[in-house]
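J.: What follows is input26.tsv, made up of TSV, C-alpha atoms and all ligand atoms:
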chain	number	residue	atom	x	y	z
A	1467	MET	CA	9.40	-31.03	33.18
A	1468	GLU	CA	6.15	-32.96	32.81
A	1469	ALA	CA	4.50	-29.94	31.20
A	1470	GLU	CA	7.42	-29.49	28.82
A	1471	LYS	CA	7.28	-33.15	27.83
A	1472	LYS	CA	3.56	-32.83	27.16
A	1473	ALA	CA	3.99	-29.69	25.01
A	1474	ILE	CA	6.81	-31.32	23.05
A	1475	SER	CA	4.76	-34.44	22.38
A	1476	LEU	CA	1.76	-32.34	21.21
A	1477	LEU	CA	4.08	-30.38	18.95
A	1478	SER	CA	5.58	-33.53	17.43
A	1479	LYS	CA	2.09	-34.87	16.80
A	1480	LEU	CA	1.32	-31.59	15.02
A	1481	ARG	CA	4.49	-31.87	12.94
A	1482	ASN	CA	3.59	-35.40	11.96
A	1483	GLU	CA	0.06	-34.39	10.91
A	1484	LEU	CA	1.53	-31.61	8.81
A	1485	GLN	CA	4.29	-33.65	7.17
A	1486	THR	CA	1.98	-36.54	6.28
A	1487	ASP	CA	-0.87	-34.37	4.98
A	1488	LYS	CA	-3.42	-35.53	7.55
A	1489	PRO	CA	-6.91	-33.98	7.73
A	1490	ILE	CA	-7.18	-30.65	9.54
A	1491	ILE	CA	-8.77	-31.51	12.90
A	1492	PRO	CA	-10.90	-29.28	15.17
A	1493	LEU	CA	-9.31	-27.50	18.12
A	1494	VAL	CA	-10.06	-29.17	21.46
A	1495	GLU	CA	-8.84	-26.88	24.21
A	1496	LYS	CA	-11.32	-24.20	25.30
A	1497	PHE	CA	-10.02	-20.70	24.53
A	1498	VAL	CA	-11.74	-17.42	23.52
A	1499	ASP	CA	-11.57	-18.23	19.82
A	1500	THR	CA	-11.99	-22.05	19.79
A	1501	ASP	CA	-15.60	-22.00	18.58
A	1502	ILE	CA	-14.91	-19.43	15.86
A	1503	TRP	CA	-11.97	-21.55	14.63
A	1504	ASN	CA	-14.01	-24.72	14.57
A	1505	GLN	CA	-16.81	-22.96	12.69
A	1506	TYR	CA	-14.24	-21.77	10.17
A	1507	LEU	CA	-12.99	-25.35	9.77
A	1508	GLU	CA	-16.55	-26.42	8.98
A	1509	TYR	CA	-16.81	-23.60	6.48
A	1510	GLN	CA	-13.61	-24.84	4.75
A	1511	GLN	CA	-15.09	-28.33	4.72
A	1512	SER	CA	-18.29	-26.99	3.12
A	1513	LEU	CA	-16.23	-25.59	0.23
A	1514	LEU	CA	-15.12	-29.11	-0.72
A	1515	ASN	CA	-17.05	-31.62	-2.84
A	1516	GLU	CA	-18.27	-34.79	-1.13
A	1517	SER	CA	-15.57	-36.84	-2.88
A	1518	ASP	CA	-12.74	-34.56	-1.69
A	1519	GLY	CA	-13.17	-35.66	1.93
A	1520	LYS	CA	-11.77	-33.45	4.69
A	1521	PRO	CA	-9.61	-30.32	4.35
A	1522	ARG	CA	-5.95	-31.41	4.46
A	1523	TRP	CA	-2.65	-29.67	5.04
A	1524	PHE	CA	-1.38	-29.82	1.45
A	1525	HIS	CA	-4.72	-29.16	-0.24
A	1526	SER	CA	-6.23	-26.25	1.68
A	1527	PRO	CA	-5.67	-22.54	1.18
A	1528	TRP	CA	-2.20	-21.57	2.39
A	1529	LEU	CA	-3.43	-18.62	4.46
A	1530	PHE	CA	-5.81	-20.89	6.34
A	1531	VAL	CA	-3.39	-23.75	7.11
A	1532	GLU	CA	-0.56	-21.41	7.96
A	1533	CYS	CA	-2.72	-19.56	10.53
A	1534	TYR	CA	-4.03	-22.92	11.75
A	1535	MET	CA	-0.47	-24.15	12.34
A	1536	TYR	CA	0.35	-21.17	14.58
A	1537	ARG	CA	-2.96	-21.63	16.40
A	1538	ARG	CA	-2.18	-25.33	16.98
A	1539	ILE	CA	1.27	-24.42	18.34
A	1540	HIS	CA	-0.56	-22.19	20.80
A	1541	GLU	CA	-2.95	-25.01	21.63
A	1542	ALA	CA	-0.04	-27.31	22.50
A	1543	ILE	CA	1.15	-24.68	24.97
A	1544	ILE	CA	-2.20	-23.88	26.60
A	1545	GLN	CA	-2.80	-27.62	27.04
A	1546	SER	CA	0.40	-27.83	29.09
A	1547	PRO	CA	0.04	-25.86	32.33
A	1548	PRO	CA	1.95	-24.43	34.12
A	1549	ILE	CA	3.81	-23.35	30.98
A	1550	ASP	CA	0.54	-22.30	29.35
A	1551	ASP	CA	1.62	-18.68	28.93
A	1552	PHE	CA	5.01	-19.56	27.44
A	1553	ASP	CA	5.87	-17.75	24.19
A	1554	VAL	CA	7.84	-20.22	22.05
A	1555	PHE	CA	9.11	-17.38	19.84
A	1556	LYS	CA	10.09	-14.93	22.57
A	1557	GLU	CA	13.80	-15.77	22.45
A	1558	SER	CA	14.15	-15.15	18.71
A	1559	LYS	CA	12.12	-11.91	18.90
A	1560	ASP	CA	14.36	-10.61	21.68
A	1561	GLN	CA	17.47	-11.67	19.79
A	1562	ASN	CA	16.31	-9.68	16.76
A	1563	PHE	CA	16.05	-6.60	18.98
A	1564	PHE	CA	19.50	-7.05	20.52
A	1565	GLU	CA	21.19	-7.75	17.18
A	1566	SER	CA	19.72	-4.57	15.69
A	1567	GLN	CA	21.19	-2.29	18.37
A	1568	GLU	CA	23.39	-0.29	16.04
A	1569	SER	CA	20.51	0.61	13.74
A	1570	ILE	CA	18.25	1.32	16.68
A	1571	ILE	CA	20.81	3.79	18.06
A	1572	ALA	CA	21.05	5.45	14.63
A	1573	LEU	CA	17.26	5.75	14.35
A	1574	CYS	CA	16.67	7.06	17.86
A	1575	THR	CA	19.48	9.61	17.43
A	1576	HIS	CA	17.98	10.70	14.12
A	1577	LEU	CA	14.54	11.07	15.71
A	1578	GLN	CA	15.76	13.06	18.71
A	1579	GLN	CA	17.71	15.46	16.48
A	1580	LEU	CA	14.70	15.84	14.24
A	1581	LEU	CA	12.36	16.55	17.15
A	1582	ARG	CA	14.61	19.33	18.36
A	1583	ALA	CA	14.12	21.11	15.03
A	1584	VAL	CA	10.60	20.02	14.15
A	1585	GLU	CA	8.87	23.31	15.08
A	1586	ASP	CA	11.14	25.29	12.74
A	1587	LEU	CA	10.87	23.05	9.71
A	1588	GLU	CA	9.37	24.39	6.49
A	1589	GLU	CA	6.39	22.49	5.12
A	1590	ASN	CA	8.53	20.82	2.47
A	1591	GLN	CA	11.20	19.74	4.94
A	1592	LEU	CA	8.54	18.25	7.20
A	1593	LYS	CA	7.12	16.34	4.27
A	1594	ASN	CA	10.57	14.95	3.41
A	1595	GLU	CA	11.12	13.80	6.97
A	1596	PHE	CA	7.69	12.15	6.96
A	1597	PHE	CA	8.57	10.28	3.77
A	1598	LYS	CA	11.92	9.18	5.23
A	1599	LEU	CA	10.35	7.73	8.37
A	1600	LEU	CA	7.68	5.97	6.31
A	1601	GLN	CA	10.40	4.36	4.19
A	1602	ILE	CA	12.31	3.29	7.30
A	1603	SER	CA	9.15	1.64	8.58
A	1604	LEU	CA	8.68	-0.06	5.20
A	1605	TRP	CA	12.18	-1.52	5.10
A	1606	GLY	CA	11.84	-2.47	8.75
A	1607	ASN	CA	9.38	-5.06	7.46
A	1608	LYS	CA	12.24	-6.97	5.83
A	1609	CYS	CA	13.08	-8.18	9.31
A	1610	ASP	CA	10.38	-10.79	9.96
A	1611	LEU	CA	11.45	-14.16	11.29
A	1612	SER	CA	8.87	-16.49	9.76
A	1613	LEU	CA	10.42	-16.25	6.31
A	1614	SER	CA	13.86	-17.15	7.61
A	1615	GLY	CA	12.46	-20.04	9.66
A	1616	GLY	CA	13.30	-18.10	12.84
A	1617	GLU	CA	16.95	-17.62	11.79
A	1618	SER	CA	18.45	-14.22	12.52
A	1619	SER	CA	17.11	-11.48	10.25
A	1620	SER	CA	18.03	-8.40	12.21
A	1621	GLN	CA	19.01	-5.00	10.84
A	1622	LYS	CA	22.76	-4.51	11.23
A	1623	THR	CA	23.42	-1.46	9.09
A	1624	ASN	CA	22.09	2.07	9.33
A	1625	VAL	CA	19.04	1.99	7.06
A	1626	ILE	CA	18.82	5.82	6.88
A	1627	ASN	CA	21.89	5.89	4.62
A	1628	SER	CA	20.35	3.35	2.24
A	1629	LEU	CA	16.98	5.01	1.62
A	1630	GLU	CA	17.97	6.62	-1.69
A	1631	ASP	CA	19.42	3.36	-3.02
A	1632	LEU	CA	16.29	1.47	-2.01
A	1633	LYS	CA	13.85	3.83	-3.74
A	1634	PRO	CA	13.82	1.94	-7.08
A	1635	PHE	CA	12.49	-1.09	-5.20
A	1636	ILE	CA	9.28	0.67	-4.16
A	1637	LEU	CA	6.82	-0.65	-6.73
A	1638	VAL	CA	3.80	1.42	-5.65
A	1639	ASP	CA	4.38	4.67	-3.80
A	1640	ASP	CA	1.19	6.36	-2.56
A	1641	THR	CA	2.94	8.32	0.19
A	1642	GLU	CA	1.91	11.64	-1.42
A	1643	HIS	CA	-1.72	10.73	-0.63
A	1644	LEU	CA	-0.81	10.07	3.01
A	1645	TRP	CA	0.87	13.46	3.23
A	1646	THR	CA	-2.09	15.25	1.59
A	1647	LEU	CA	-4.51	13.54	3.95
A	1648	LEU	CA	-2.63	14.21	7.19
A	1649	SER	CA	-1.44	17.71	6.35
A	1650	ASN	CA	-5.04	18.67	5.44
A	1651	CYS	CA	-6.24	17.27	8.77
A	1652	LYS	CA	-3.57	19.34	10.51
A	1653	LYS	CA	-4.58	22.53	8.70
A	1654	THR	CA	-8.30	22.17	9.12
A	1655	ARG	CA	-8.62	20.64	12.55
A	1656	GLU	CA	-10.31	22.62	15.30
A	1657	LYS	CA	-8.51	23.09	18.62
A	1658	ALA	CA	-8.93	20.05	20.90
A	1659	SER	CA	-10.20	17.85	18.06
A	1660	VAL	CA	-8.58	14.50	17.42
A	1661	VAL	CA	-6.61	13.29	14.40
A	1662	ARG	CA	-6.18	9.60	14.86
A	1663	VAL	CA	-3.74	7.29	13.04
A	1664	ASP	CA	-4.10	3.57	13.71
A	1665	ILE	CA	-1.17	1.21	13.12
A	1666	VAL	CA	-1.85	-2.50	12.71
A	1667	LEU	CA	1.52	-3.76	13.86
A	1668	ASP	CA	3.51	-6.59	12.40
A	1669	ASN	CA	6.88	-7.75	13.73
A	1670	SER	CA	8.49	-7.02	17.06
A	1671	GLY	CA	12.20	-6.16	17.36
A	1672	PHE	CA	13.65	-3.81	14.77
A	1673	GLU	CA	10.43	-3.33	12.77
A	1674	LEU	CA	8.51	-2.30	15.88
A	1675	VAL	CA	11.16	0.31	16.67
A	1676	THR	CA	10.72	1.81	13.19
A	1677	ASP	CA	6.94	1.94	13.73
A	1678	LEU	CA	7.26	3.61	17.13
A	1679	ILE	CA	9.68	6.17	15.68
A	1680	LEU	CA	7.14	6.98	12.96
A	1681	ALA	CA	4.34	7.15	15.55
A	1682	ASN	CA	6.40	9.51	17.71
A	1683	PHE	CA	7.11	11.77	14.74
A	1684	LEU	CA	3.42	11.87	13.74
A	1685	LEU	CA	2.53	13.31	17.15
A	1686	SER	CA	5.49	15.70	17.44
A	1687	SER	CA	4.89	17.09	13.96
A	1688	LYS	CA	1.16	17.47	14.81
A	1689	LEU	CA	0.23	15.41	11.77
A	1690	ALA	CA	-1.73	13.30	14.28
A	1691	THR	CA	-2.87	13.75	17.87
A	1692	GLU	CA	-3.44	10.10	18.83
A	1693	ILE	CA	-1.93	6.79	17.71
A	1694	HIS	CA	-3.67	3.47	18.25
A	1695	PHE	CA	-1.67	0.25	17.91
A	1696	TYR	CA	-3.00	-3.27	17.34
A	1697	GLY	CA	-0.94	-6.34	18.23
A	1698	LYS	CA	-1.51	-10.09	18.41
A	1699	THR	CA	-3.16	-11.82	21.37
A	1700	ILE	CA	-1.10	-15.01	20.95
A	1701	PRO	CA	2.41	-15.71	19.56
A	1702	TRP	CA	2.00	-15.49	15.79
A	1703	PHE	CA	4.06	-16.01	12.62
A	1704	VAL	CA	7.21	-16.19	14.77
A	1705	SER	CA	8.01	-12.51	15.04
A	1706	ASP	CA	4.63	-10.74	15.38
A	1707	THR	CA	4.17	-8.28	18.25
A	1708	THR	CA	2.19	-9.26	21.34
A	1709	VAL	CA	1.43	-6.90	24.22
A	1710	HIS	CA	4.34	-8.46	26.12
A	1711	ASP	CA	6.73	-7.73	23.24
A	1712	PHE	CA	5.40	-4.18	22.98
A	1713	ASN	CA	5.90	-3.44	26.68
A	1714	TRP	CA	9.18	-5.36	26.84
A	1715	LEU	CA	10.67	-3.44	23.94
A	1716	ILE	CA	9.71	-0.02	25.33
A	1717	GLU	CA	11.20	-1.03	28.69
A	1718	GLN	CA	14.44	-2.14	26.99
A	1719	VAL	CA	14.67	1.08	25.01
A	1720	LYS	CA	14.08	3.10	28.17
A	1721	HIS	CA	16.90	1.33	30.00
A	1722	SER	CA	19.41	1.64	27.18
A	1723	ASN	CA	22.84	3.08	28.00
A	1724	HIS	CA	22.58	5.30	25.00
A	1725	LYS	CA	21.29	8.78	25.79
A	1726	TRP	CA	19.02	9.21	22.74
A	1727	VAL	CA	17.70	5.66	22.86
A	1728	SER	CA	16.71	5.96	26.52
A	1729	THR	CA	15.14	9.39	25.81
A	1730	CYS	CA	12.94	7.68	23.22
A	1731	GLY	CA	11.99	4.95	25.72
A	1732	ALA	CA	11.03	7.48	28.42
A	1733	ASP	CA	9.01	9.53	25.92
A	1734	TRP	CA	7.19	6.43	24.65
A	1735	GLU	CA	6.30	5.36	28.15
A	1736	SER	CA	4.82	8.76	28.90
A	1737	LEU	CA	2.87	8.77	25.61
A	1738	ILE	CA	1.23	5.55	26.77
A	1739	LYS	CA	0.61	6.87	30.28
A	1740	THR	CA	-1.04	10.02	28.96
A	1741	GLY	CA	-3.20	8.10	26.50
A	1742	ARG	CA	-1.78	9.60	23.31
A	1743	TRP	CA	-0.59	6.11	22.41
A	1744	VAL	CA	-3.17	3.37	22.92
A	1745	TYR	CA	-2.52	-0.35	22.52
A	1746	HIS	CA	-5.43	-2.64	21.55
A	1747	ASP	CA	-5.73	-6.42	21.68
A	1748	HIS	CA	-8.29	-8.24	19.56
A	1749	ILE	CA	-8.59	-11.93	18.83
A	1750	PHE	CA	-9.63	-11.23	15.22
A	1751	TRP	CA	-5.99	-10.58	14.22
A	1752	THR	CA	-5.12	-14.22	14.96
A	1753	LEU	CA	-8.12	-15.74	13.20
A	1754	PRO	CA	-7.77	-17.07	9.64
A	1755	HIS	CA	-10.39	-14.70	8.20
A	1756	GLU	CA	-9.65	-12.20	5.48
A	1757	TYR	CA	-10.34	-8.60	6.40
A	1758	CYS	CA	-13.46	-8.24	4.26
A	1759	ALA	CA	-15.10	-10.57	6.82
A	1760	MET	CA	-14.19	-8.28	9.75
A	1761	SER	CA	-17.45	-6.32	9.83
A	1762	GLN	CA	-19.34	-9.60	10.32
A	1763	VAL	CA	-16.87	-11.59	12.45
A	1764	ALA	CA	-15.60	-8.72	14.64
A	1765	PRO	CA	-18.00	-5.76	14.27
A	1766	ASP	CA	-16.58	-4.12	17.42
A	1767	LEU	CA	-13.10	-4.03	15.90
A	1768	TYR	CA	-14.45	-2.69	12.61
A	1769	THR	CA	-16.24	0.10	14.50
A	1770	GLU	CA	-13.00	0.91	16.35
A	1771	LEU	CA	-11.05	1.16	13.08
A	1772	GLN	CA	-13.73	3.45	11.63
A	1773	LYS	CA	-12.69	6.08	14.19
A	1774	ALA	CA	-9.27	6.46	12.53
A	1775	HIS	CA	-8.42	9.16	10.02
A	1776	LEU	CA	-5.85	6.78	8.55
A	1777	ILE	CA	-5.00	3.12	9.19
A	1778	LEU	CA	-1.51	1.80	8.42
A	1779	PHE	CA	-1.30	-1.96	7.90
A	1780	LYS	CA	2.23	-3.20	8.40
A	1781	GLY	CA	3.66	-6.24	6.69
A	1782	ASP	CA	3.04	-9.11	4.38
A	1783	LEU	CA	0.49	-11.14	6.31
A	1784	ASN	CA	-1.73	-8.06	6.67
A	1785	TYR	CA	-1.49	-7.59	2.90
A	1786	ARG	CA	-2.53	-11.18	2.29
A	1787	LYS	CA	-5.53	-10.78	4.57
A	1788	LEU	CA	-6.47	-7.40	3.06
A	1789	THR	CA	-6.55	-8.92	-0.40
A	1790	GLY	CA	-7.94	-12.32	0.64
A	1791	ASP	CA	-4.68	-14.01	-0.50
A	1792	ARG	CA	-6.25	-14.58	-3.93
A	1793	LYS	CA	-4.50	-15.13	-7.21
A	1794	TRP	CA	-5.37	-11.63	-8.47
A	1795	GLU	CA	-4.07	-10.25	-11.73
A	1796	PHE	CA	-1.22	-7.85	-10.90
A	1797	SER	CA	-3.11	-4.90	-12.39
A	1798	VAL	CA	-6.37	-5.34	-10.44
A	1799	PRO	CA	-7.00	-2.13	-8.45
A	1800	PHE	CA	-6.20	-2.38	-4.72
A	1801	HIS	CA	-9.69	-1.03	-3.94
A	1802	GLN	CA	-11.27	-3.97	-5.76
A	1803	ALA	CA	-9.05	-6.56	-4.03
A	1804	LEU	CA	-10.13	-5.15	-0.64
A	1805	ASN	CA	-13.55	-6.55	-1.47
A	1806	GLY	CA	-15.62	-4.08	0.55
A	1807	PHE	CA	-13.18	-3.60	3.46
A	1808	HIS	CA	-13.15	0.19	3.83
A	1809	PRO	CA	-13.36	1.11	7.52
A	1810	ALA	CA	-11.35	4.32	6.95
A	1811	PRO	CA	-8.64	5.54	4.55
A	1812	LEU	CA	-5.93	2.90	4.74
A	1813	CYS	CA	-2.43	2.15	3.52
A	1814	SER	CA	-0.55	-1.12	3.33
A	1815	ILE	CA	3.17	-0.77	4.07
A	1816	ARG	CA	4.68	-4.06	3.05
A	1817	THR	CA	7.74	-5.74	1.62
A	1818	LEU	CA	6.76	-8.50	-0.79
A	1819	LYS	CA	7.22	-11.99	0.68
A	1820	ALA	CA	4.17	-13.88	-0.60
A	1821	GLU	CA	2.96	-14.52	-4.13
A	1822	ILE	CA	0.38	-11.80	-4.32
A	1823	GLN	CA	0.47	-8.24	-5.58
A	1824	VAL	CA	-2.23	-5.97	-6.98
A	1825	GLY	CA	-2.44	-2.40	-8.22
A	1826	LEU	CA	0.58	-2.52	-10.55
A	1827	GLN	CA	0.82	-0.79	-13.92
A	1828	PRO	CA	-0.19	-2.99	-16.87
A	1829	GLY	CA	2.78	-5.20	-17.76
A	1830	GLN	CA	4.83	-4.24	-14.66
A	1831	GLY	CA	4.34	-7.57	-12.88
A	1832	GLU	CA	4.96	-9.61	-16.03
A	1833	GLN	CA	8.18	-7.70	-16.67
A	1834	LEU	CA	9.45	-8.36	-13.14
A	1835	MET	CA	8.47	-12.02	-13.45
A	1836	ALA	CA	10.64	-12.35	-16.53
A	1837	SER	CA	13.68	-10.58	-15.10
A	1838	GLU	CA	13.56	-11.68	-11.42
A	1839	PRO	CA	11.59	-14.87	-10.80
A	1840	ASP	CA	11.67	-14.42	-7.00
A	1841	TRP	CA	10.57	-10.74	-6.94
A	1842	LEU	CA	7.34	-11.60	-5.10
A	1843	THR	CA	8.88	-13.55	-2.26
A	1844	ALA	CA	12.42	-12.31	-1.61
A	1845	GLY	CA	11.42	-9.26	0.47
A	1846	LYS	CA	13.49	-7.05	-1.84
A	1847	TYR	CA	10.56	-4.97	-3.15
A	1848	GLY	CA	8.08	-2.91	-1.19
A	1849	VAL	CA	4.82	-0.99	-1.58
A	1850	PHE	CA	2.92	1.88	-0.01
A	1851	GLN	CA	-0.56	1.13	-1.27
A	1852	TYR	CA	-3.34	3.54	-0.34
A	1853	ASP	CA	-7.09	3.20	-0.52
A	1854	GLY	CA	-9.40	6.05	0.34
A	1855	PRO	CA	-10.62	9.40	-0.91
A	1856	LEU	CA	-8.06	11.26	-3.02
B	1901	LIG	O1	3.74	-10.41	7.80
B	1901	LIG	P1	5.23	-10.44	7.66
B	1901	LIG	O2	5.93	-10.55	8.97
B	1901	LIG	O3	5.74	-9.31	6.82
B	1901	LIG	O4	5.59	-11.73	6.85
B	1901	LIG	C1	5.11	-12.98	7.20
B	1901	LIG	C2	5.60	-14.02	6.25
B	1901	LIG	O5	7.01	-14.05	6.18
B	1901	LIG	O6	5.14	-15.23	6.71
B	1901	LIG	C3	4.70	-16.01	5.63
B	1901	LIG	C4	5.73	-16.99	5.23
B	1901	LIG	O7	5.53	-18.12	5.96
B	1901	LIG	C5	4.31	-15.04	4.57
B	1901	LIG	O8	3.00	-14.68	4.73
B	1901	LIG	C6	5.07	-13.81	4.85
B	1901	LIG	O9	6.05	-13.74	3.90
B	1902	MN	MN	5.03	-10.90	10.83
Please express what this file holds, its structure, as structure tokens.
Ligand SMILES: O=P(O)(O)OC[C@@]1(O)O[C@H](CO)[C@@H](O)[C@@H]1O
Ligand SMILES: [Mn+2]
T.:
Amino acid sequence: MEAEKKAISLLSKLRNELQTDKPIIPLVEKFVDTDIWNQYLEYQQSLLNESDGKPRWFHSPWLFVECYMYRRIHEAIIQSPPIDDFDVFKESKDQNFFESQESIIALCTHLQQLLRAVEDLEENQLKNEFFKLLQISLWGNKCDLSLSGGESSSQKTNVINSLEDLKPFILVDDTEHLWTLLSNCKKTREKASVVRVDIVLDNSGFELVTDLILANFLLSSKLATEIHFYGKTIPWFVSDTTVHDFNWLIEQVKHSNHKWVSTCGADWESLIKTGRWVYHDHIFWTLPHEYCAMSQVAPDLYTELQKAHLILFKGDLNYRKLTGDRKWEFSVPFHQALNGFHPAPLCSIRTLKAEIQVGLQPGQGEQLMASEPDWLTAGKYGVFQYDGPL
């Protein structure tokens, strides 16, 4: 009770600082990333003129203060033992999973039926199935909880039936490049050589299921031989996946009463045990830095990503960090916005929830702006945006 009281009082202090636009203060509790955060705060300070004083909540870059808020929430928890490993968002993440049961059953059934036929599929059929599962993973990204303030945003209907209707909302579709890349790897790879796809995960619950289904298909179709996943080290942007969420969800799927769902869970567990699925933790994903800083700030992570044949970045926050969350013109090429971040061929799979989008046709963004003022933030549109050799 004492620990809870302490955490609550630290959290209300944080809320007050935020609501009254107080200066951004250094972190105090020692943790693996405390020094890096405090250095970053100094860097933000150095960007200001003398007369501007300290960085403040309402006047600093949104990406920075938003990440800082989640890091401060974590600080309030780690300062309050014995509840210092409590995940304040766990309940809503789990709820999202339970509320999406019907869609999860539909997806797992679809996957298991597909896997039974996968060896006999013609090239074109395999390609179509690949595109379908990519689209499911894209629309799975509608289900984050930070946009809805933690309110329910689960998937209640069977998304497979909606894919055709949703196609017009894909503003950039580079999935052909992904197919060309992976099917060439499959054709040209030597026996025993590795084709590695890395997935930088976003939200737990329904979205994570869609990503695992895609990852399972990539292995079964031999489009890849290894999948590496990256999650968050601390609770992040409400719904983001931590290692506990990852393991919890696979355990839940395995113990489902539904035959095809539990088959998926058992298969996923054995993929992890046999090392064909690998989960990585790295503190960089919960720092405020944009990804073009990765090679300096986290060279080990950059080197790890360089081993991939393809990296999939899920979700909106990853997109903001890929592009530095700048006010780019809509038609600026994605490659340019990445600002030198090219560890391996990569693709952002993201529904639009923040006011940033690059790589559109000239006039496309302006047209959308005129007809649908909230097109950038409503999560209605999506992109598959690829950067790499063509
Ligand atoms: O990365 P995700 O889960 O797709 O989205 C995270 C998000 O909802 O959180 C922020 C809103 O507070 C925005 O960056 C973004 O829209
Ligand atoms: Mn998220």
J.: Could you report the residues within 6 Å of ligand MN 1902 (chain B), using only C-alpha atoms and all ligand atoms, as an mmCIF file with C-alpha atoms, in the coordinates of the input?
T.:
data_model
loop_
_atom_site.group_PDB
_atom_site.id
_atom_site.type_symbol
_atom_site.label_atom_id
_atom_site.label_comp_id
_atom_site.auth_asym_id
_atom_site.auth_seq_id
_atom_site.Cartn_x
_atom_site.Cartn_y
_atom_site.Cartn_z
ATOM 1 C CA ASP A 1610 10.380 -10.790 9.960
ATOM 2 C CA ASP A 1668 3.510 -6.590 12.400
ATOM 3 C CA ASN A 1669 6.880 -7.750 13.730
ATOM 4 C CA PHE A 1703 4.060 -16.010 12.620
ATOM 5 C CA SER A 1705 8.010 -12.510 15.040
ATOM 6 C CA ASP A 1706 4.630 -10.740 15.380
#
J.: Asp1840 in chain A: which residues within 10 Å, counting all atoms listed in the file, same-chain residues fewer than 3 positions away excluded, as a list in words?
T.: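 Selected residues are Leu1818, Lys1819, Ala1820, Glu1821, Leu1834, Met1835, Ala1836, Ser1837, Thr1843, Ala1844, Gly1845 and Lys1846 of chain A.
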J.: Range 1714-1717 of chain A: which residues within 8 Å, counting all atoms listed in the file, same-chain residues fewer than 4 positions away excluded, as a list in words?
T.: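 My reading of the contact set: Phe1563, Gly1671, His1710, His1721, Gly1731, Trp1734 and Glu1735 of chain A.
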J.: If I take CA of Ser1736 in chain A and CA of Leu1667 in chain A, how far is one from the other in Å, to one decimal?
T.: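 Result for CA of Ser1736 in chain A versus CA of Leu1667 in chain A: 19.8 Å, one decimal.
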J.: Quote the spacing between CA of Phe1497 in chain A and CA of Glu1673 in chain A in Å to one decimal place.
T.: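 These atoms are spaced 29.3 Å apart.
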J.: Can you work out which one of A:Glu1470, A:Glu1795, A:Glu1532, A:Glu1595 has the shortest atom-to-atom distance to ligand LIG 1901 (chain B), counting all atoms listed in the file?
T.: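 Closest to ligand LIG 1901 (chain B), using all atoms listed in the file: A:Glu1532.
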J.: Of the candidates A:Pro1809, A:Glu1838, A:His1540, A:Glu1585, which one gets nearest to Val1554 in chain A if we count only C-alpha atoms?
T.: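 Smallest separation from Val1554 in chain A among the options: A:His1540.
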J.: Could you check how far CA of Val1663 in chain A sits from CA of Glu1692 in chain A, in Å to one decimal?
T.: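 Separation between CA of Val1663 in chain A and CA of Glu1692 in chain A: 6.4 Å.
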